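Novice: Provided below: data.txt, containing compact mmCIF, C-alpha atoms and all ligand atoms.
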# COMPACT_ATOMS: atom_id res chain seq x y z
CA MET F 1 35.91 -70.44 69.74
CA THR F 2 39.22 -69.64 68.03
CA THR F 3 39.14 -67.34 65.03
CA GLU F 4 41.57 -68.12 62.25
CA ARG F 5 44.01 -65.36 61.39
CA ASP F 6 43.99 -63.97 57.87
CA LEU F 7 46.72 -65.47 55.71
CA ARG F 8 48.91 -62.78 54.16
CA ILE F 9 49.59 -62.79 50.44
CA ALA F 10 52.35 -60.53 49.11
CA VAL F 11 51.32 -59.46 45.60
CA LEU F 12 54.09 -58.49 43.16
CA PRO F 13 52.53 -57.69 39.76
CA GLY F 14 55.88 -56.71 38.22
CA ASP F 15 56.37 -55.58 34.63
CA GLY F 16 54.95 -55.88 31.11
CA ILE F 17 52.01 -58.27 31.05
CA GLY F 18 52.55 -59.07 34.77
CA PRO F 19 50.03 -56.46 36.01
CA GLU F 20 47.71 -57.24 33.05
CA VAL F 21 47.23 -60.81 34.23
CA MET F 22 47.53 -60.10 37.95
CA THR F 23 44.67 -57.57 38.17
CA PRO F 24 41.97 -59.90 36.75
CA CYS F 25 43.42 -62.78 38.74
CA LEU F 26 42.88 -60.85 41.99
CA GLU F 27 39.34 -60.00 40.84
CA LEU F 28 38.58 -63.68 40.37
CA ILE F 29 40.00 -64.49 43.81
CA ALA F 30 37.75 -61.74 45.23
CA ARG F 31 34.81 -63.41 43.49
CA LEU F 32 35.73 -66.76 45.04
CA ASP F 33 36.06 -65.03 48.39
CA GLN F 34 32.46 -63.86 48.04
CA GLN F 35 31.21 -67.24 46.87
CA PHE F 36 32.83 -68.97 49.84
CA GLY F 37 31.69 -66.38 52.37
CA GLY F 38 35.30 -65.33 53.04
CA LEU F 39 38.55 -67.15 52.36
CA GLY F 40 40.55 -65.44 55.12
CA LEU F 41 43.17 -63.88 52.85
CA ARG F 42 44.81 -60.45 53.11
CA PHE F 43 46.67 -58.99 50.15
CA ASP F 44 49.67 -56.64 50.41
CA HIS F 45 50.74 -55.04 47.16
CA CYS F 46 54.49 -54.70 46.70
CA ASP F 47 56.52 -52.74 44.19
CA ALA F 48 59.33 -54.70 42.53
CA GLY F 49 60.72 -55.36 39.09
CA ALA F 50 62.31 -53.52 36.21
CA GLY F 51 59.94 -50.52 36.46
CA CYS F 52 60.75 -50.23 40.14
CA TYR F 53 64.50 -50.42 39.39
CA ARG F 54 64.09 -47.64 36.84
CA LYS F 55 62.24 -45.42 39.34
CA GLN F 56 64.04 -46.23 42.56
CA GLY F 57 67.36 -47.75 41.50
CA VAL F 58 66.50 -50.97 43.32
CA ALA F 59 64.73 -54.04 41.90
CA ILE F 60 63.03 -55.01 45.14
CA PRO F 61 62.90 -52.35 47.86
CA ASP F 62 63.37 -53.34 51.52
CA ASP F 63 59.70 -52.85 52.42
CA SER F 64 58.60 -55.16 49.57
CA LEU F 65 61.21 -57.74 50.57
CA GLN F 66 60.02 -57.52 54.17
CA LEU F 67 56.37 -58.04 53.18
CA ALA F 68 57.30 -60.93 50.89
CA SER F 69 59.49 -62.59 53.52
CA ASN F 70 56.76 -62.34 56.17
CA ALA F 71 53.91 -63.43 53.88
CA ASP F 72 52.23 -66.83 53.95
CA ALA F 73 52.54 -66.91 50.17
CA ILE F 74 53.79 -64.66 47.39
CA LEU F 75 51.81 -64.16 44.20
CA LEU F 76 53.96 -62.82 41.39
CA GLY F 77 53.12 -61.64 37.87
CA ALA F 78 56.23 -61.33 35.74
CA MET F 79 59.40 -59.31 36.11
CA GLY F 80 62.12 -57.86 33.97
CA LEU F 81 62.33 -55.82 30.76
CA PRO F 82 65.01 -56.35 28.13
CA GLU F 83 66.11 -52.73 28.17
CA VAL F 84 66.42 -52.45 31.96
CA ARG F 85 69.72 -53.99 33.04
CA TYR F 86 72.32 -53.92 35.77
CA PRO F 87 75.60 -52.22 34.87
CA ASP F 88 77.14 -55.66 34.06
CA GLY F 89 74.49 -56.26 31.35
CA ARG F 90 72.29 -58.78 33.18
CA GLU F 91 68.52 -58.22 33.20
CA ILE F 92 67.12 -57.40 36.60
CA ALA F 93 65.35 -60.48 37.98
CA PRO F 94 64.22 -60.10 41.60
CA GLN F 95 62.15 -63.29 41.24
CA LEU F 96 65.45 -65.20 41.02
CA ASP F 97 66.79 -63.33 44.07
CA LEU F 98 63.65 -64.30 46.01
CA ARG F 99 64.11 -67.98 45.14
CA GLU F 100 67.64 -67.86 46.52
CA SER F 101 67.02 -65.72 49.59
CA LEU F 102 63.87 -67.62 50.64
CA GLU F 103 65.43 -71.01 49.79
CA LEU F 104 62.70 -72.00 47.34
CA TYR F 105 64.51 -75.10 46.18
CA ALA F 106 61.58 -76.95 44.56
CA GLY F 107 60.21 -75.33 41.41
CA LEU F 108 57.00 -77.13 40.59
CA ARG F 109 56.05 -76.93 36.89
CA PRO F 110 52.94 -78.98 36.12
CA VAL F 111 52.48 -79.91 32.45
CA ARG F 112 48.81 -80.66 31.93
CA SER F 113 46.91 -80.39 28.67
CA LEU F 114 43.46 -78.84 28.65
CA PRO F 115 40.91 -80.34 26.23
CA GLY F 116 39.37 -77.93 23.73
CA LEU F 117 42.60 -76.24 22.69
CA PRO F 118 44.43 -76.86 19.41
CA ALA F 119 46.51 -80.03 19.46
CA VAL F 120 50.24 -79.42 19.86
CA LEU F 121 51.24 -82.99 18.98
CA ALA F 122 49.35 -85.25 16.60
CA ASP F 123 49.24 -88.28 18.91
CA PRO F 124 45.92 -88.32 20.86
CA ARG F 125 47.80 -89.32 24.04
CA ALA F 126 49.23 -85.79 24.06
CA GLN F 127 45.69 -84.46 24.73
CA GLU F 128 45.80 -86.04 28.18
CA LEU F 129 49.20 -85.01 29.44
CA ASP F 130 49.72 -84.91 33.17
CA LEU F 131 53.33 -84.76 34.26
CA VAL F 132 55.26 -82.51 36.63
CA LEU F 133 58.71 -81.05 36.24
CA VAL F 134 60.52 -80.26 39.49
CA ARG F 135 63.22 -77.69 38.86
CA GLU F 136 65.85 -77.06 41.52
CA SER F 137 65.73 -73.28 41.87
CA THR F 138 68.47 -72.06 44.20
CA GLU F 139 71.77 -73.40 42.86
CA GLY F 140 72.96 -75.28 39.74
CA LEU F 141 74.40 -73.09 37.00
CA PHE F 142 72.27 -70.13 38.12
CA ALA F 143 74.42 -70.03 41.29
CA ALA F 144 76.93 -68.20 39.12
CA ARG F 145 74.55 -65.25 38.62
CA GLY F 146 76.43 -62.05 39.46
CA ARG F 147 79.52 -64.09 40.40
CA SER F 148 81.08 -64.69 36.99
CA GLU F 149 84.85 -64.89 37.05
CA GLN F 150 86.01 -62.48 34.40
CA ARG F 151 89.49 -63.04 33.00
CA GLY F 152 90.13 -59.78 31.27
CA ASP F 153 88.55 -59.76 27.84
CA GLU F 154 89.64 -63.35 27.18
CA ALA F 155 87.30 -65.58 29.19
CA VAL F 156 84.37 -65.68 31.62
CA LEU F 157 83.90 -68.62 33.98
CA ASP F 158 80.50 -69.49 35.52
CA THR F 159 80.50 -72.27 38.11
CA LEU F 160 77.80 -74.94 38.39
CA VAL F 161 77.02 -75.73 42.04
CA ILE F 162 75.38 -78.94 43.25
CA THR F 163 75.23 -79.48 47.02
CA ARG F 164 74.18 -82.59 48.92
CA ARG F 165 71.96 -80.57 51.31
CA VAL F 166 69.82 -79.02 48.57
CA SER F 167 69.80 -82.11 46.33
CA GLU F 168 68.56 -84.39 49.10
CA ARG F 169 65.69 -82.01 49.89
CA LEU F 170 64.90 -81.67 46.19
CA PHE F 171 64.79 -85.44 45.59
CA ASP F 172 62.75 -86.07 48.74
CA PHE F 173 60.28 -83.49 47.49
CA ALA F 174 60.09 -85.20 44.07
CA PHE F 175 59.64 -88.69 45.54
CA ASN F 176 56.96 -87.52 47.96
CA LEU F 177 55.17 -85.78 45.11
CA ALA F 178 55.29 -89.00 43.05
CA ARG F 179 53.89 -90.88 46.04
CA GLN F 180 51.00 -88.40 46.37
CA ARG F 181 50.31 -88.61 42.65
CA LYS F 182 50.49 -92.41 42.71
CA ALA F 183 47.75 -92.43 45.35
CA ALA F 184 45.65 -90.52 42.79
CA GLY F 185 46.38 -92.97 39.97
CA SER F 186 49.68 -91.81 38.41
CA GLN F 187 52.60 -94.13 37.63
CA GLY F 188 54.63 -93.53 40.78
CA ARG F 189 57.86 -92.76 39.02
CA VAL F 190 60.59 -90.12 39.24
CA THR F 191 63.04 -89.50 36.40
CA CYS F 192 66.25 -87.59 37.16
CA ILE F 193 67.47 -85.44 34.27
CA ASP F 194 71.16 -84.58 34.14
CA LYS F 195 74.33 -84.73 32.10
CA ALA F 196 76.13 -87.22 34.33
CA ASN F 197 78.11 -88.61 31.41
CA VAL F 198 79.97 -85.33 30.98
CA LEU F 199 80.11 -83.29 34.20
CA GLY F 200 81.20 -84.35 37.68
CA ALA F 201 78.57 -82.13 39.31
CA PHE F 202 75.84 -84.08 37.50
CA ALA F 203 77.39 -87.45 38.34
CA PHE F 204 77.17 -86.33 41.99
CA PHE F 205 73.55 -85.16 41.45
CA ARG F 206 72.64 -88.58 40.01
CA LYS F 207 74.45 -90.46 42.80
CA ILE F 208 72.45 -88.58 45.46
CA PHE F 209 69.26 -89.22 43.47
CA PHE F 210 69.69 -93.00 43.61
CA GLU F 211 70.76 -92.87 47.28
CA ARG F 212 67.53 -91.05 48.12
CA ALA F 213 65.49 -93.36 45.87
CA GLU F 214 66.26 -96.25 48.24
CA ARG F 215 64.03 -94.58 50.84
CA TYR F 216 61.06 -94.77 48.46
CA PRO F 217 60.89 -98.44 47.38
CA ASP F 218 57.28 -97.98 46.24
CA ILE F 219 58.38 -95.37 43.66
CA GLU F 220 60.21 -96.25 40.46
CA ALA F 221 63.42 -94.24 39.94
CA ASP F 222 65.20 -93.82 36.63
CA CYS F 223 67.28 -91.22 34.85
CA ALA F 224 67.89 -89.64 31.46
CA TYR F 225 70.37 -87.24 29.91
CA VAL F 226 68.96 -83.80 29.29
CA ASP F 227 69.51 -83.91 25.52
CA ALA F 228 67.65 -87.21 25.26
CA MET F 229 64.88 -85.76 27.41
CA GLY F 230 64.46 -82.93 24.90
CA LEU F 231 63.71 -85.61 22.33
CA HIS F 232 61.49 -87.73 24.60
CA LEU F 233 59.38 -84.73 25.61
CA LEU F 234 58.47 -84.14 21.99
CA GLN F 235 58.13 -87.81 21.02
CA ARG F 236 56.34 -89.34 24.03
CA PRO F 237 55.68 -86.85 26.85
CA TRP F 238 52.76 -88.97 28.09
CA SER F 239 55.18 -91.65 29.27
CA PHE F 240 56.57 -89.54 32.17
CA ASP F 241 55.28 -88.84 35.65
CA VAL F 242 57.62 -86.68 37.81
CA LEU F 243 60.81 -85.23 36.30
CA VAL F 244 63.45 -83.71 38.54
CA THR F 245 66.38 -81.63 37.38
CA GLU F 246 68.95 -78.91 37.94
CA ASN F 247 68.09 -75.20 37.76
CA MET F 248 69.28 -74.31 34.23
CA PHE F 249 68.04 -77.54 32.66
CA GLY F 250 64.72 -76.99 34.45
CA ASP F 251 64.51 -73.46 33.08
CA ILE F 252 64.87 -74.76 29.54
CA LEU F 253 62.69 -77.86 29.88
CA SER F 254 59.87 -75.96 31.56
CA ASP F 255 59.51 -73.87 28.41
CA VAL F 256 59.30 -77.13 26.44
CA GLY F 257 56.60 -78.18 28.92
CA ALA F 258 54.78 -74.88 28.32
CA ALA F 259 54.93 -75.49 24.56
CA LEU F 260 53.36 -78.92 25.09
CA MET F 261 50.44 -77.17 26.80
CA GLY F 262 50.04 -74.66 23.98
CA GLY F 263 52.27 -71.77 25.00
CA MET F 264 53.86 -69.79 27.82
CA GLY F 265 50.48 -68.36 28.79
CA MET F 266 49.23 -71.83 29.78
CA ALA F 267 52.04 -72.81 32.18
CA PRO F 268 51.71 -72.21 35.93
CA SER F 269 54.42 -72.66 38.54
CA ALA F 270 55.08 -72.77 42.26
CA ASP F 271 58.51 -72.24 43.80
CA LEU F 272 58.37 -74.00 47.13
CA GLY F 273 60.68 -74.03 50.11
CA ASP F 274 60.16 -75.34 53.62
CA ASP F 275 58.92 -71.97 54.91
CA HIS F 276 58.00 -69.85 51.88
CA ALA F 277 56.39 -70.15 48.48
CA VAL F 278 56.11 -68.04 45.33
CA PHE F 279 53.36 -68.72 42.78
CA GLN F 280 53.81 -67.23 39.34
CA PRO F 281 53.19 -68.02 35.68
CA CYS F 282 56.21 -69.58 33.92
CA HIS F 283 56.24 -66.76 31.41
CA GLY F 284 58.19 -63.54 31.52
CA SER F 285 56.90 -59.99 31.05
CA ALA F 286 56.36 -60.55 27.28
CA PRO F 287 57.07 -56.93 26.23
CA ASP F 288 56.24 -57.84 22.62
CA ILE F 289 52.53 -58.17 23.48
CA ALA F 290 52.23 -55.93 26.56
CA GLY F 291 49.46 -53.33 26.48
CA GLN F 292 47.52 -55.06 23.69
CA GLY F 293 45.09 -57.16 25.72
CA LYS F 294 46.50 -60.30 24.10
CA ALA F 295 48.15 -61.89 27.13
CA ASN F 296 46.76 -65.29 28.00
CA PRO F 297 45.89 -65.07 31.74
CA THR F 298 45.56 -68.86 32.18
CA ALA F 299 49.07 -69.44 33.56
CA MET F 300 48.48 -66.70 36.14
CA LEU F 301 45.06 -68.10 37.10
CA LEU F 302 46.38 -71.66 37.37
CA SER F 303 49.27 -70.40 39.53
CA ALA F 304 46.74 -68.70 41.82
CA ALA F 305 44.79 -71.97 41.99
CA LEU F 306 47.99 -73.78 42.99
CA MET F 307 48.47 -71.16 45.71
CA LEU F 308 44.96 -71.55 47.08
CA LYS F 309 45.31 -75.35 47.18
CA TRP F 310 48.79 -75.17 48.76
CA LEU F 311 47.58 -72.74 51.45
CA GLY F 312 44.51 -74.89 52.06
CA GLU F 313 46.60 -78.00 52.61
CA ARG F 314 49.28 -76.30 54.67
CA HIS F 315 46.84 -74.49 56.97
CA HIS F 316 44.11 -77.14 56.96
CA ARG F 317 41.56 -74.78 55.45
CA ASN F 318 39.18 -76.71 53.26
CA ALA F 319 37.59 -73.60 51.77
CA LEU F 320 40.92 -72.55 50.25
CA SER F 321 41.56 -76.00 48.77
CA SER F 322 38.05 -76.05 47.33
CA ALA F 323 38.40 -72.53 45.94
CA GLY F 324 41.59 -73.60 44.14
CA GLN F 325 39.83 -76.65 42.71
CA GLN F 326 36.86 -74.52 41.64
CA LEU F 327 39.15 -72.11 39.84
CA GLU F 328 40.94 -74.96 38.01
CA ALA F 329 37.61 -76.55 37.11
CA ALA F 330 36.23 -73.25 35.79
CA ILE F 331 39.30 -72.77 33.55
CA ALA F 332 38.96 -76.32 32.20
CA THR F 333 35.25 -75.75 31.53
CA VAL F 334 35.94 -72.59 29.55
CA PHE F 335 38.50 -74.20 27.25
CA ALA F 336 36.47 -77.40 26.87
CA THR F 337 33.84 -75.38 25.00
CA GLY F 338 36.38 -74.93 22.19
CA ARG F 339 35.24 -71.30 21.89
CA TYR F 340 38.26 -69.69 23.54
CA ILE F 341 41.54 -70.03 21.67
CA PRO F 342 44.20 -67.67 23.07
CA TYR F 343 46.11 -65.42 20.70
CA GLU F 344 49.35 -67.32 21.34
CA GLN F 345 47.64 -70.43 19.94
CA GLY F 346 46.39 -68.68 16.83
CA GLY F 347 42.97 -67.68 18.15
CA ASP F 348 41.42 -64.35 19.12
CA ALA F 349 40.64 -64.83 22.82
CA GLY F 350 42.44 -62.10 24.75
CA THR F 351 42.91 -61.52 28.46
CA HIS F 352 39.48 -60.01 29.02
CA ALA F 353 37.50 -62.63 27.09
CA ILE F 354 39.15 -65.53 28.94
CA VAL F 355 38.79 -63.95 32.36
CA ALA F 356 35.14 -63.04 31.73
CA ALA F 357 34.41 -66.63 30.65
CA VAL F 358 36.16 -68.03 33.75
CA ALA F 359 34.15 -65.64 35.96
CA GLU F 360 30.95 -66.86 34.30
CA ALA F 361 31.98 -70.51 34.76
CA LEU F 362 32.68 -69.86 38.44
CA GLU F 363 29.26 -68.28 38.80
CA ALA F 364 27.63 -71.28 37.15
CA GLN F 365 29.28 -73.83 39.42
CA ASN F 366 26.91 -75.77 41.54
CA PRO F 367 26.17 -73.85 44.78
CA ALA F 368 25.82 -77.18 46.58
CA SER F 369 29.42 -78.09 45.79
CA LEU F 370 30.50 -74.65 47.00
CA ALA F 371 28.73 -75.24 50.28
CA ALA F 372 30.55 -78.54 50.65
CA GLY F 373 33.85 -76.68 50.52
CA ALA F 374 32.80 -73.93 52.90
CA PRO F 375 34.56 -73.74 56.24
CA ALA F 376 32.97 -75.80 59.02
P1 LIG Z 401 61.85 -64.80 30.97
O1 LIG Z 401 63.27 -65.04 30.53
O2 LIG Z 401 61.66 -63.62 31.86
O3 LIG Z 401 61.14 -66.03 31.43
P2 LIG Z 401 61.36 -64.75 28.18
O4 LIG Z 401 62.29 -63.74 27.62
O5 LIG Z 401 61.72 -66.19 28.10
O6 LIG Z 401 61.05 -64.37 29.68
P3 LIG Z 401 58.52 -64.39 27.77
O7 LIG Z 401 58.31 -63.02 28.32
O8 LIG Z 401 58.02 -65.50 28.61
O9 LIG Z 401 60.05 -64.58 27.41
O10 LIG Z 401 57.92 -64.49 26.32
C1 LIG Z 401 58.27 -65.52 25.40
C2 LIG Z 401 57.24 -65.53 24.30
O11 LIG Z 401 56.01 -66.03 24.82
C3 LIG Z 401 56.94 -64.15 23.75
O12 LIG Z 401 56.69 -64.23 22.38
C4 LIG Z 401 55.66 -63.74 24.49
O13 LIG Z 401 54.85 -62.86 23.77
C5 LIG Z 401 54.97 -65.09 24.68
N1 LIG Z 401 54.18 -65.07 25.91
C6 LIG Z 401 54.67 -65.11 27.16
N2 LIG Z 401 53.66 -65.07 28.04
C7 LIG Z 401 52.51 -65.01 27.35
C8 LIG Z 401 51.14 -64.96 27.70
N3 LIG Z 401 50.73 -64.96 28.98
N4 LIG Z 401 50.23 -64.92 26.72
C9 LIG Z 401 50.61 -64.92 25.43
N5 LIG Z 401 51.89 -64.97 25.03
C10 LIG Z 401 52.84 -65.02 25.97
In structure tokens, how does this file's structure come out?
Specialist:
Amino acid sequence: MTTERDLRIAVLPGDGIGPEVMTPCLELIARLDQQFGGLGLRFDHCDAGAGCYRKQGVAIPDDSLQLASNADAILLGAMGLPEVRYPDGREIAPQLDLRESLELYAGLRPVRSLPGLPAVLADPRAQELDLVLVRESTEGLFAARGRSEQRGDEAVLDTLVITRRVSERLFDFAFNLARQRKAAGSQGRVTCIDKANVLGAFAFFRKIFFERAERYPDIEADCAYVDAMGLHLLQRPWSFDVLVTENMFGDILSDVGAALMGGMGMAPSADLGDDHAVFQPCHGSAPDIAGQGKANPTAMLLSAALMLKWLGERHHRNALSSAGQQLEAAIATVFATGRYIPYEQGGDAGTHAIVAAVAEALEAQNPASLAAGAPA
């Protein structure tokens, strides 16, 4: 009999509300571990972020980087504080460094509405949103980070980088995702978002998109300019399936996606590469609410659920996939009651209340369905 090795998770709680949402998230994973009779996960806690930079002069120390690079997955809270900056004025952001160094080119940002929360848009179709934004996360305009060309005090030039190698992988990822979603009932469509009418780099991006689209004849491929997409996402977000875009545009549009779900605290993400993956809420460290118990932990919990499902699929471990599904289902159950409205949506449900309700919902889940997901 072969025993499965434990999968290693590098945990980087980070700054501000990062640790406030990470701690209860790990407690819920521990609860799932118990319910499933062991999920085969090992957690290594790593120091990184603005607090770390303040203490040690480095945003992500070598030992943390080593643990993260060797991990099967990285679970991240939030990093950065407005007052902690590099000498050139940029905020420290080791999460962006990780995306580049681990080649996490596909930033997955699901936009799914959860029934029971206040409506963001009046149209009832907005209550059933299910689209995914795929944000390229290693190049684009962010490639200029730390490499600005300063021309005295007269001008600063930041260069937008689009490469064929990364774009092809990105588009293949988006088309395969649309194919998977189509099998589960979605439209089977990928929309490329760019500014191809103005910039050569985006014309190139769009050209590669349609070249790759030819390999996926079962998936519809179309495109839109980013400014028009800003409008469409507010007027008819339900009409989209998979959106794929450049790094900076993805950064901006994923916050629009978060707003469509009710706020930053609702939006999970996964930054995926061929060999590594980081799972973290879309939000930052939210210093304006840190330490008040008001942080919505949902984005963190949904990111952890994405991680469990991704690990389950990658390592063929059904218990992990089921645990991720159970966690998502428990979150949906809690909000469906209509009794938990997070602070950011005008309610009074703080971190503790939401986590306690999710724990209770997990407890109440049918033991028979848990057994079905248990390892053979
Ligand atoms: P970054 O640039 O690092 O992504 P940011 O500067 O865009 O971060 P956030 O830290 O994400 O900003 O905060 C934006 C707003 O959303 C703030 O008002 C913050 O309080 C709110 N916010 C962010 N996350 C949460 C959360 N989990 N729960 C409640 N409110 C949140």
Novice: Would you kindly return, as a PyMOL selection string, each protein, DNA or RNA residue with an atom no farther than 10 Å from any atom of Tyr343 of chain F, considering all atoms listed in the file and excluding same-chain residues fewer than 2 positions away?
Specialist: chain F and resi 263+265+293-296+340-341+345-351
Novice: Counting all atoms listed in the file, name the residues that have an atom within 6 Å of an atom of ligand LIG 401 (chain Z); the answer should be given as a PyMOL selection string.
Specialist: chain F and resi 264-265+283-286+288-289+295-297+344
Novice: Using 12 Å as the limit and counting only C-alpha atoms, can you tabulate each residue of segment 46-88 of chain F that touches segment 31-42 of chain F, with its shortest atom-to-atom distance in Å and the two atoms involved, as a Markdown table?
Specialist:
| residue | atom | partner | partner_atom | distance |
| --- | --- | --- | --- | --- |
| F:Leu67 | CA | F:Arg42 | CA | 11.8 |
| F:Ala71 | CA | F:Arg42 | CA | 9.6 |
| F:Asp72 | CA | F:Leu41 | CA | 9.6 |
| F:Ala73 | CA | F:Leu41 | CA | 10.2 |
| F:Ile74 | CA | F:Arg42 | CA | 11.4 |
| F:Leu75 | CA | F:Arg42 | CA | 11.9 |
Novice: Residues at most 10 Å from segment 219-232 of chain F, counting all atoms listed in the file, excluding those fewer than 3 positions away in the same chain, as a ChimeraX atom specification?
Specialist: /F:175-176,178-179,182,187-198,202,206,209-210,212-216,235-240,242-246,249-250,252-253,256
Novice: Give me, as a tab-separated table, the closest atom pair and its distance (Å, one decimal) for every residue of segment 130-207 of chain F within a cut-off of 9 Å of segment 96-99 of chain F, counting only C-alpha atoms, rows sorted by chain and rising number.
Specialist:
residue	atom	partner	partner_atom	distance
F:Ser137	CA	F:Arg99	CA	6.4
F:Thr138	CA	F:Arg99	CA	6.0
F:Phe142	CA	F:Leu96	CA	8.9
Novice: How would you write as a ChimeraX atom specification the residues that get within 8 Å of (59.1, -75.4, 44.7) in the file's frame, counting only C-alpha atoms?
Specialist: /F:104-108,134-137,270-273,277-278
Novice: Rounded to one decimal place, report the atom CA of Thr333 of chain F-atom CA of Ala299 of chain F distance in Å.
Specialist: 15.3 Å
Novice: Between F:Arg317, F:His45, F:Arg90, F:Arg5, which one has atoms that come closest to Met22 of chain F, using all atoms listed in the file?
Specialist: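 Checking each candidate against Met22 of chain F, we get F:His45 as the closest.
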Novice: Might I get the box with edges along x, y and z of the file that holds all atoms of segment 267-277 of chain F listed there, padded by 5 Å on every side, given as centre and edge lengths in Å to one decimal, as AutoDock Vina command-line options?
Specialist:
--center_x 56.2 --center_y -72.6 --center_z 43.5 --size_x 19.0 --size_y 15.5 --size_z 32.7
Novice: Take atom CA of Gly57 of chain F and atom CA of Phe43 of chain F and report the distance between them in Å, one decimal.
Specialist: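 Between atom CA of Gly57 of chain F and atom CA of Phe43 of chain F the gap works out to 25.1 Å.
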Novice: Can you tell me how far atom CA of Thr159 of chain F sits from atom CA of Ala174 of chain F, in Å to one decimal?
Specialist: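 Computing the Euclidean distance for atom CA of Thr159 of chain F and atom CA of Ala174 of chain F yields 24.9 Å.
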